[in-house]
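Participant: Compact mmCIF, C-alpha atoms, saved as work.txt, coming up:
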```txt
# COMPACT_ATOMS: atom_id res chain seq x y z
CA MET A 1 80.43 96.91 77.22
CA GLN A 2 83.43 94.74 78.00
CA LYS A 3 84.27 91.50 76.23
CA PRO A 4 82.19 88.58 77.53
CA ILE A 5 83.89 85.89 79.53
CA THR A 6 83.42 82.63 77.66
CA GLY A 7 84.76 79.12 77.77
CA THR A 8 87.12 77.55 80.25
CA GLY A 9 90.23 77.10 78.07
CA LYS A 10 93.74 77.53 79.36
CA VAL A 11 93.31 81.21 80.20
CA PRO A 12 93.65 81.53 83.99
CA GLU A 13 90.49 82.61 85.76
CA VAL A 14 91.00 85.23 88.46
CA LYS A 15 88.66 86.90 90.91
CA ILE A 16 89.59 90.37 92.10
CA TYR A 17 87.78 91.99 95.01
CA THR A 18 88.36 95.73 95.16
CA ASP A 19 87.54 98.69 97.36
CA GLY A 20 88.66 102.26 97.67
CA GLY A 21 87.79 105.23 99.77
CA CYS A 22 88.82 108.39 101.55
CA LEU A 23 88.76 109.55 105.14
CA ASN A 24 87.07 112.68 103.84
CA ASN A 25 86.11 113.21 100.24
CA PRO A 26 88.44 114.56 99.02
CA GLY A 27 91.08 113.68 101.55
CA PRO A 28 93.60 110.99 102.40
CA GLY A 29 92.57 107.87 100.52
CA GLY A 30 93.42 104.27 99.95
CA PHE A 31 92.60 101.25 97.87
CA GLY A 32 92.70 97.53 98.43
CA ALA A 33 92.52 94.61 96.02
CA ILE A 34 92.52 90.88 96.62
CA LEU A 35 93.43 88.62 93.71
CA ILE A 36 92.37 84.98 93.88
CA HIS A 37 93.34 82.25 91.44
CA ARG A 38 92.63 78.68 92.53
CA ASN A 39 94.35 78.40 95.93
CA HIS A 40 96.61 81.41 95.34
CA ARG A 41 95.82 84.74 96.94
CA LYS A 42 97.52 88.12 96.75
CA GLU A 43 96.59 91.32 98.58
CA ILE A 44 97.66 94.75 97.36
CA SER A 45 96.95 98.21 98.69
CA GLY A 46 98.16 101.78 98.58
CA GLY A 47 97.46 105.12 100.17
CA PHE A 48 97.40 108.69 98.89
CA ARG A 49 97.67 111.95 100.79
CA LEU A 50 94.88 113.69 98.81
CA THR A 51 92.43 112.07 96.43
CA THR A 52 88.76 111.08 96.07
CA ASN A 53 86.65 108.00 96.79
CA ASN A 54 85.95 107.43 93.12
CA ARG A 55 89.60 107.68 92.12
CA MET A 56 90.47 105.05 94.72
CA GLU A 57 87.68 102.73 93.51
CA ILE A 58 89.01 102.93 89.94
CA LEU A 59 92.63 102.64 91.05
CA ALA A 60 91.87 99.46 93.01
CA ALA A 61 90.70 97.81 89.78
CA ILE A 62 93.69 99.18 87.86
CA ARG A 63 96.24 97.92 90.36
CA GLY A 64 94.51 94.55 90.58
CA LEU A 65 94.60 94.05 86.81
CA ASP A 66 98.11 95.45 86.57
CA ALA A 67 99.34 92.78 88.99
CA LEU A 68 98.43 89.99 86.54
CA LYS A 69 101.43 88.53 84.74
CA GLU A 70 99.57 87.04 81.78
CA ARG A 71 96.26 87.35 79.96
CA CYS A 72 93.49 86.25 82.29
CA ARG A 73 89.74 85.86 82.46
CA VAL A 74 88.86 88.20 85.33
CA THR A 75 85.81 89.02 87.37
CA ILE A 76 86.22 92.21 89.38
CA TYR A 77 83.89 92.45 92.36
CA SER A 78 83.25 95.99 93.60
CA ASP A 79 80.73 97.74 95.82
CA SER A 80 81.13 100.86 93.65
CA GLN A 81 78.21 101.27 91.29
CA TYR A 82 80.15 104.14 89.69
CA LEU A 83 82.94 101.76 88.67
CA VAL A 84 80.76 98.80 87.71
CA ASN A 85 78.23 100.82 85.72
CA ALA A 86 80.89 102.85 83.91
CA MET A 87 82.51 99.64 82.70
CA GLU A 88 79.57 97.26 82.24
CA LYS A 89 77.23 99.81 80.67
CA GLY A 90 79.94 101.13 78.37
CA TRP A 91 79.99 104.64 79.81
CA ALA A 92 83.78 104.82 80.03
CA ILE A 93 84.19 103.65 76.44
CA ARG A 94 81.67 106.27 75.31
CA TRP A 95 83.42 109.01 77.31
CA ARG A 96 86.72 108.11 75.67
CA SER A 97 85.21 108.07 72.17
CA ASN A 98 83.69 111.50 72.90
CA GLY A 99 87.07 113.01 73.82
CA TRP A 100 86.51 112.42 77.54
CA ARG A 101 83.21 114.23 77.60
CA ARG A 102 80.06 112.89 79.26
CA ASN A 103 77.97 115.11 77.01
CA ARG A 104 78.35 118.43 75.18
CA LYS A 105 78.57 120.42 78.40
CA GLU A 106 80.28 118.11 80.90
CA LYS A 107 83.78 116.70 80.90
CA ALA A 108 84.23 113.15 82.12
CA ILE A 109 85.83 112.97 85.55
CA ASN A 110 89.03 110.94 86.09
CA PRO A 111 89.90 110.38 82.41
CA ASP A 112 93.50 109.50 83.33
CA LEU A 113 92.33 106.51 85.36
CA TRP A 114 89.57 105.44 82.99
CA GLU A 115 92.11 105.39 80.15
CA LYS A 116 94.43 103.10 82.13
CA LEU A 117 91.56 100.84 83.15
CA LEU A 118 90.21 100.52 79.61
CA ASP A 119 93.71 99.69 78.33
CA LEU A 120 94.10 96.97 80.96
CA CYS A 121 90.68 95.56 80.14
CA ASP A 122 91.81 95.26 76.52
CA ARG A 123 94.65 92.96 77.69
CA HIS A 124 92.36 90.65 79.64
CA GLU A 125 88.81 89.30 79.47
CA VAL A 126 87.19 91.36 82.20
CA ARG A 127 83.74 91.69 83.62
CA PHE A 128 82.68 93.79 86.57
CA GLN A 129 80.23 92.55 89.17
CA TRP A 130 78.59 94.81 91.72
CA ILE A 131 78.32 93.47 95.26
CA ARG A 132 76.65 95.17 98.19
CA GLY A 133 79.24 96.58 100.56
CA HIS A 134 79.41 96.09 104.30
CA VAL A 135 77.12 93.07 104.46
CA GLY A 136 79.72 90.55 105.54
CA THR A 137 81.15 89.41 102.17
CA GLU A 138 84.53 88.27 103.48
CA GLU A 139 86.76 89.40 100.61
CA ASN A 140 84.92 92.73 100.19
CA GLU A 141 85.33 93.43 103.90
CA ARG A 142 89.03 92.61 103.66
CA ALA A 143 89.49 94.91 100.64
CA ASP A 144 87.73 97.66 102.62
CA GLN A 145 90.07 97.05 105.56
CA LEU A 146 93.13 97.23 103.28
CA ALA A 147 91.88 100.51 101.80
CA LYS A 148 91.27 102.07 105.22
CA GLU A 149 94.65 100.97 106.54
CA ALA A 150 96.35 102.41 103.45
CA ALA A 151 94.46 105.70 103.79
CA THR A 152 95.65 106.12 107.36
CA GLY A 153 99.14 104.72 106.85
CA GLU A 154 102.46 106.42 106.44
CA ASN A 155 104.39 106.79 103.18
CA GLN A 156 101.40 108.14 101.29
CA GLU A 157 101.75 108.42 97.53
CA ILE A 158 100.89 111.66 95.73
CA ASP A 159 97.93 111.56 93.34
CA GLU A 160 99.64 114.11 91.12
CA ILE A 161 96.93 114.42 88.52
CA TYR A 162 94.22 114.94 91.13
CA GLU A 163 96.27 117.44 93.10
CA LYS A 164 97.11 119.44 89.97
CA THR A 165 93.53 119.57 88.73
CA ALA A 166 92.02 120.17 92.18
CA GLY A 167 94.48 122.91 93.01
CA GLY A 168 95.80 120.87 95.95
```
Represent the structure of the file as structure tokens.

Facilitator:
Amino acid sequence: MQKPITGTGKVPEVKIYTDGGCLNNPGPGGFGAILIHRNHRKEISGGFRLTTNNRMEILAAIRGLDALKERCRVTIYSDSQYLVNAMEKGWAIRWRSNGWRRNRKEKAINPDLWEKLLDLCDRHEVRFQWIRGHVGTEENERADQLAKEAATGENQEIDEIYEKTAGG
């Protein structure tokens, strides 16, 4: 469970809408994140030549948080139940404390990204909020558009850890 967001002190409050996906899964992928603070707005995105939907969902949150220049109170809105549940229900923290194992038989998937996300969440006050995708929520639709454009764009990054572990 992440730290609760409390009070309205001088800590900036930021909303981050995220989305990630792949053209095939696995396949070329992309992420999009929209950061909103008062009347300021920033859009970020990136594409990868070979990755997975879930990696892009997590990476969207990572890149959004990483773009913050100071400690903030953040609500991340995502249509990924995988991402939201792993963070809000404490699954990712449990996986880390169990040596990146889901249970005795199964390794946790994407530990490299979960580790980065947990570290970033320690720097900020973060909560994750699930929103239904593709129902007209303006910022979610825009994040989806950014992710799709990045997945089909040129100058794709290489998801080195995925490609090494997937044999790509």

Participant: Any chance you could tabulate, as JSON lines, the residues of segment 67-146 of chain A at most 8 Å from segment 10-16 of chain A with each one's nearest atom pair and distance in Å to one decimal, using all atoms listed in the file, in chain and rising number order?

Facilitator:
```
{"residue": "A:Arg71", "atom": "CA", "partner": "A:Val11", "partner_atom": "CA", "distance": 6.8}
{"residue": "A:Cys72", "atom": "CA", "partner": "A:Pro12", "partner_atom": "CA", "distance": 5.0}
{"residue": "A:Arg73", "atom": "CA", "partner": "A:Glu13", "partner_atom": "CA", "distance": 4.7}
{"residue": "A:Val74", "atom": "CA", "partner": "A:Val14", "partner_atom": "CA", "distance": 4.8}
{"residue": "A:Thr75", "atom": "CA", "partner": "A:Lys15", "partner_atom": "CA", "distance": 5.0}
{"residue": "A:Ile76", "atom": "CA", "partner": "A:Ile16", "partner_atom": "CA", "distance": 4.7}
{"residue": "A:Tyr77", "atom": "CA", "partner": "A:Ile16", "partner_atom": "CA", "distance": 6.1}
```

Participant: Using atom CA of Ile36 of chain A and atom CA of Asn155 of chain A as the two end points, give the distance in Å to one decimal.

Facilitator: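 Interatomic distance here is 26.6 Å.
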
Participant: Let me make sure I understand: among A:Lys69, A:Gly64, A:Arg41, A:Cys22, which one has the smallest atom-to-atom distance to Val126 of chain A if we use only C-alpha atoms?

Facilitator: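 With only C-alpha atoms as the atom set, the closest residue is A:Gly64.
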
Participant: Given all atoms listed in the file as the basis, pick out the residue of A:Gln129, A:Ser97, A:Thr51, A:Ser78 nearest to Glu160 of chain A.

Facilitator: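 Checking each of A:Gln129, A:Ser97, A:Thr51, A:Ser78 against Glu160 of chain A, counting all atoms listed in the file, the winner is A:Thr51.
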
Participant: Atom CA of Ala86 of chain A and atom CA of Glu57 of chain A, how far apart in Å?

Facilitator: 11.8 Å

Participant: Which residues are close to Asn24 of chain A, i.e. within 9 Å by only C-alpha atoms, leaving aside same-chain residues fewer than 3 positions away? Reply as a PyMOL selection string.

Facilitator: chain A and resi 21+27-29+52-53

Participant: Which distance in Å separates atom CA of Arg104 of chain A and atom CA of Asn54 of chain A, to one decimal?

Facilitator: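 Computing the Euclidean distance for atom CA of Arg104 of chain A and atom CA of Asn54 of chain A yields 22.4 Å.
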
Participant: Counting only C-alpha atoms, select every polymer residue within 12 Å of (93.2, 107.6, 108.6) as defined in the file's coordinates, and provide the selection as a PyMOL selection string.

Facilitator: chain A and resi 21-24+27-30+47-50+145-154+156

Participant: Out of A:Glu70, A:Asp122, A:Asp19, A:Glu141, which residue has the shortest atom-to-atom distance to Ser45 of chain A when counting all atoms listed in the file?

Facilitator: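 Distance minimum relative to Ser45 of chain A lands on A:Asp19.
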
Participant: Between A:Lys89, A:Leu118, A:Ile131, A:Gly46, which residue has the minimum interatomic distance to Glu157 of chain A, considering all atoms listed in the file?

Facilitator: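 Comparing A:Lys89, A:Leu118, A:Ile131, A:Gly46 against Glu157 of chain A, the winner is A:Gly46.
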
Participant: Export C-alpha atoms of segment 40-148 of chain A from the structure just given, as a short mmCIF file (atom, residue, chain, number, x, y, z; two decimals), in the first residue's frame?

Facilitator:
```cif
data_model
loop_
_atom_site.label_atom_id
_atom_site.label_comp_id
_atom_site.auth_asym_id
_atom_site.auth_seq_id
_atom_site.Cartn_x
_atom_site.Cartn_y
_atom_site.Cartn_z
CA HIS A 40 0.43 23.57 -16.55
CA ARG A 41 0.39 20.52 -18.77
CA LYS A 42 3.17 18.32 -20.12
CA GLU A 43 2.88 15.35 -22.46
CA ILE A 44 5.55 12.67 -22.71
CA SER A 45 5.75 9.50 -24.74
CA GLY A 46 8.15 6.92 -26.07
CA GLY A 47 8.20 3.89 -28.32
CA PHE A 48 10.02 0.56 -28.21
CA ARG A 49 10.72 -1.90 -30.99
CA LEU A 50 9.84 -4.99 -28.89
CA THR A 51 8.12 -5.04 -25.52
CA THR A 52 4.82 -5.93 -23.81
CA ASN A 53 1.61 -4.11 -22.92
CA ASN A 54 2.27 -4.44 -19.21
CA ARG A 55 5.82 -3.11 -19.46
CA MET A 56 4.51 -0.05 -21.29
CA GLU A 57 1.78 0.52 -18.67
CA ILE A 58 4.38 0.47 -15.88
CA LEU A 59 6.86 2.56 -17.87
CA ALA A 60 4.23 5.26 -18.46
CA ALA A 61 3.92 5.71 -14.70
CA ILE A 62 7.70 5.64 -14.25
CA ARG A 63 8.36 8.26 -16.89
CA GLY A 64 5.55 10.44 -15.56
CA LEU A 65 6.93 10.40 -12.03
CA ASP A 66 10.49 10.76 -13.26
CA ALA A 67 9.54 14.01 -15.02
CA LEU A 68 8.70 15.69 -11.69
CA LYS A 69 11.37 18.11 -10.51
CA GLU A 70 10.43 18.14 -6.82
CA ARG A 71 8.51 16.08 -4.29
CA CYS A 72 4.84 16.08 -5.25
CA ARG A 73 1.50 14.71 -4.18
CA VAL A 74 0.51 12.65 -7.22
CA THR A 75 -2.54 10.80 -8.42
CA ILE A 76 -1.79 8.48 -11.33
CA TYR A 77 -4.83 7.60 -13.41
CA SER A 78 -4.52 4.39 -15.41
CA ASP A 79 -6.84 1.99 -17.20
CA SER A 80 -4.46 -0.85 -16.29
CA GLN A 81 -5.81 -2.89 -13.41
CA TYR A 82 -2.46 -4.73 -13.40
CA LEU A 83 -0.63 -1.49 -12.58
CA VAL A 84 -3.19 -0.05 -10.18
CA ASN A 85 -3.74 -3.27 -8.23
CA ALA A 86 -0.03 -4.06 -7.99
CA MET A 87 0.59 -0.67 -6.40
CA GLU A 88 -2.58 -0.01 -4.40
CA LYS A 89 -2.95 -3.55 -3.05
CA GLY A 90 0.73 -3.76 -2.17
CA TRP A 91 1.53 -6.62 -4.54
CA ALA A 92 4.68 -4.99 -5.92
CA ILE A 93 6.01 -4.27 -2.44
CA ARG A 94 5.35 -7.89 -1.45
CA TRP A 95 7.04 -9.19 -4.60
CA ARG A 96 10.12 -7.11 -3.82
CA SER A 97 10.24 -8.26 -0.19
CA ASN A 98 9.98 -11.86 -1.44
CA GLY A 99 13.00 -11.49 -3.72
CA TRP A 100 10.83 -10.71 -6.75
CA ARG A 101 8.74 -13.82 -6.37
CA ARG A 102 4.93 -13.88 -6.54
CA ASN A 103 4.93 -17.10 -4.55
CA ARG A 104 7.24 -20.08 -4.00
CA LYS A 105 6.89 -21.28 -7.58
CA GLU A 106 6.45 -18.12 -9.66
CA LYS A 107 8.84 -15.26 -10.28
CA ALA A 108 7.38 -11.77 -10.44
CA ILE A 109 7.28 -10.40 -13.97
CA ASN A 110 8.97 -7.06 -14.80
CA PRO A 111 10.95 -6.68 -11.55
CA ASP A 112 13.26 -4.12 -13.19
CA LEU A 113 10.34 -1.76 -13.78
CA TRP A 114 8.57 -2.43 -10.50
CA GLU A 115 11.80 -1.60 -8.66
CA LYS A 116 12.08 1.75 -10.45
CA LEU A 117 8.43 2.54 -9.85
CA LEU A 118 8.59 1.70 -6.15
CA ASP A 119 11.70 3.87 -5.77
CA LEU A 120 9.95 6.80 -7.46
CA CYS A 121 6.89 6.33 -5.27
CA ASP A 122 9.15 6.62 -2.23
CA ARG A 123 10.19 10.11 -3.45
CA HIS A 124 6.63 11.34 -3.84
CA GLU A 125 3.22 10.85 -2.23
CA VAL A 126 1.56 8.68 -4.85
CA ARG A 127 -1.77 6.98 -5.21
CA PHE A 128 -3.03 5.06 -8.20
CA GLN A 129 -6.58 5.38 -9.47
CA TRP A 130 -8.11 3.00 -11.98
CA ILE A 131 -10.26 4.53 -14.70
CA ARG A 132 -12.17 2.68 -17.37
CA GLY A 133 -10.41 2.98 -20.71
CA HIS A 134 -11.95 4.00 -24.01
CA VAL A 135 -15.06 5.61 -22.56
CA GLY A 136 -14.28 9.17 -23.56
CA THR A 137 -12.18 10.36 -20.59
CA GLU A 138 -10.30 13.10 -22.43
CA GLU A 139 -6.87 12.74 -20.82
CA ASN A 140 -6.98 8.93 -20.90
CA GLU A 141 -7.85 9.02 -24.59
CA ARG A 142 -4.97 11.42 -25.22
CA ALA A 143 -2.52 9.20 -23.31
CA ASP A 144 -3.73 6.25 -25.42
CA GLN A 145 -3.17 8.27 -28.59
CA LEU A 146 0.35 9.22 -27.48
CA ALA A 147 1.14 5.57 -26.76
CA LYS A 148 -0.14 4.40 -30.14
#
```
